[in-house]
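Presented below is the structure to which this report refers.
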2 protein chains.
Amino acid sequence: MRAVVYTAAGGPEVIAIREVPTPVPGTGQVRVRVRAAGLNRADIYQRRGGYPAPPGWPADIPGLEYAGDVDLLGPGVTRWRPGDRVMGLVGGGGQAEAVLVRQEEVLPLPAGLSYVEGAAIPEVFYTAYDALVTRGRLAAGERVLIHAVGSGVGTAASQLARHLGATVIGTSRSAEKLARARAYGVDVGIDTSRTAFESAVGDSVHVVLDLLGASALGANLSVLALRGRMVILGLLAGRRGEVDLDPVLHKRLEIIGTVMRKRGPEERAALVAEFAERVLPLFEARGEPPVLRPVVERTYPMTRLAEAHEVMERNENFGKLVGVWEESEP
Amino acid sequence: MRAVVYTAAGGPEVIAIREVPTPVPGTGQVRVRVRAAGLNRADIYQRRGGYPAPPGWPADIPGLEYAGDVDLLGPGVTRWRPGDRVMGLVGGGGQAEAVLVRQEEVLPLPAGLSYVEGAAIPEVFYTAYDALVTRGRLAAGERVLIHAVGSGVGTAASQLARHLGATVIGTSRSAEKLARARAYGVDVGIDTSRTAFESAVGDSVHVVLDLLGASALGANLSVLALRGRMVILGLLAGRRGEVDLDPVLHKRLEIIGTVMRKRGPEERAALVAEFAERVLPLFEARGEPPVLRPVVERTYPMTRLAEAHEVMERNENFGKLVGVWEESEP
């Protein structure tokens, strides 16, 4: 089969297509014929050499999510049949023509969605659900501040927060992205190329979704209300910095870190089961428009993912970029 | 009535006894004839001028907890009758001969306990319960690290953690306090005058109870296991410092701040109700020794609280110091 590989640690020029052995599913595994695979910022870190795949996943093939068809069952698989349209999260290896997945970690593609749309769901909607619901405990009537609201995670989180009944405040350095984000649940947009968000929102926020880390820590803590929660999803602007714990103590705040990739099989299976029950139905149109929609900015042939990496590195995309094997769509 | 007052901001020499008007209970309030009142580190901060009473509580009379008898009911009080033996938390004013309390914030003195013992319960056991259970979600089989385990909060937390089925690791700068702490649930004691705790415990801790703040932040984060929780109860060693958020993200940690004093009436009433149901019965001997015991190091006449402040400032006490009105104790 063909697979995207990184030939070395480096820039987009190290991205190549190689022939590799088609894997054979073991006990409890299904093989999925991949039609489309979402791109993520983690792909860039892995390409640069700083974010290896966790143990048990292909080390040389990138890709954290996929959509496609079940095409071969390992021994003991009872949940799936060849031809089932599926999607899911993987620790690596999604950007190949086939990927092996434990049967408990596979999700059905929601009715009415294409492979491209399905491939844009797992990473960002799992992350948003984990951050807002499981860790952040966002409740109806609360206010949530979502940074980089035009990102894949941002557009997923704003839709989910709207569904939960929260008021959504979003930041972006692009006025155009803020305008587009309104369709995905953003009530108040703050253009951080012009305005410091902390001066715009006061201390009225119940949950902050942060991607920046140390550099924004003080400002994020300052906007939180009593008993507010700050969920850290990334450290794009640095891991080390000064913190003032006084507001943490006296406002009784929580600083919560979360990352999706390094979870073991049991934890992945539990998240998949909860997501399948509580979130997946929201993607289906049931006589009216669905509550949640994957946001796909653009698709790229798998043979041209270097272009997608460049777009991500320049922060140009609104929502997700998705790679497709040319003959695969629809 | 007589009351302890601070005549100015300063050292123990500003502590005095004054005659003040005996307060009259308003609607829904009871007046408690105070027999004993626990001392707390917050009394020292308030004496120095840096920790004023929150609005609605006596600004000039210290004391965050009391035990005594109900002696006068305001209009609308249905829960209590004159002569009831009670105890509770207040935002200030506990170190007087009488204090006014909303009826929902009063707890019955557990059967078999003296006023002195009751006065040593509310602040430290509420704090330990809030920190370990409500915020830290400590579960059976987990490991908890309790700093300053010989303090009032430490001796309360270690007993509660033992009851919850956790393994208790305690730190102190005193080998003698560590030896005494074993009777209150400490399984492993670390003498931090000789050993850095982070080298003694590895990264196996599920919940840390911290009192120090910024200076210990890095070491506390380093000992936490995956999905560990650090609950900050105080900033004794500073509010500002450097933080490395990388372990917070990748171990998916939580940094949780909490403080008891500034809570409003509804939140206080909810905590009291939960505590009365879940914790108070554990103080009663039911054919065998009680699960929880208040730890009283020494009592002082209210006229000599300056000595108690000096003992606390030198960190000499194991457990609580309690002030008594001389004629009050049987």
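FYI, nothing fancy with the structure tokens labels: chains A, B, ... in order, residues from 1 per chain, ligands from 1 as they appear.
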
* **Contact set, chain A to chain B: 12 Å, only C-alpha atoms, as a ChimeraX atom specification** => /A:51,130-131,135-136,210-218,221,226-264,267

* Do you know which residues are at most 10 Å from Leu109 in chain B counting only C-alpha atoms, after dropping those on the same chain fewer than 3 positions away, and could you put them as JSON, numbers by chain? -> {"B": [67, 68, 69, 84, 85, 86, 87, 88, 106, 112, 113, 114, 115, 117, 118, 119, 121, 280, 283, 284]}

* To do: Per DSSP on the backbone, filter range 75-236 of chain B down to the residues in strand (DSSP E) and report them as a ChimeraX atom specification.
  => /B:85-89,98-102,106-108,143-146,167-172,188-191,205-210,224-232

* To do: Show which residues sit within 12 Å of Gly154 in chain B, as a ChimeraX atom specification. Count only C-alpha atoms, and ignore same-chain residues fewer than 3 positions away.
  => /B:123-125,127-129,131-132,144-151,157-161,168-172,177-178,180-182,184-186,208-211,233,294-295,317-320

* Can you work out the spacing between CA of Asn220 in chain B and CA of Asp191 in chain B in Å, to one decimal? =>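 Result for CA of Asn220 in chain B versus CA of Asp191 in chain B: 15.7 Å, one decimal.
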
* **Polymer residues at most 9 Å from Val116 in chain A, only C-alpha atoms, same-chain spacing of 5 or more positions, as a PyMOL selection string** => chain A and resi 35-38+66-67+296+299+322-324+329-330

* Expressed in Å to a single decimal, how great is the separation between CA of Asn315 in chain A and CA of Glu176 in chain A? -> 12.7 Å
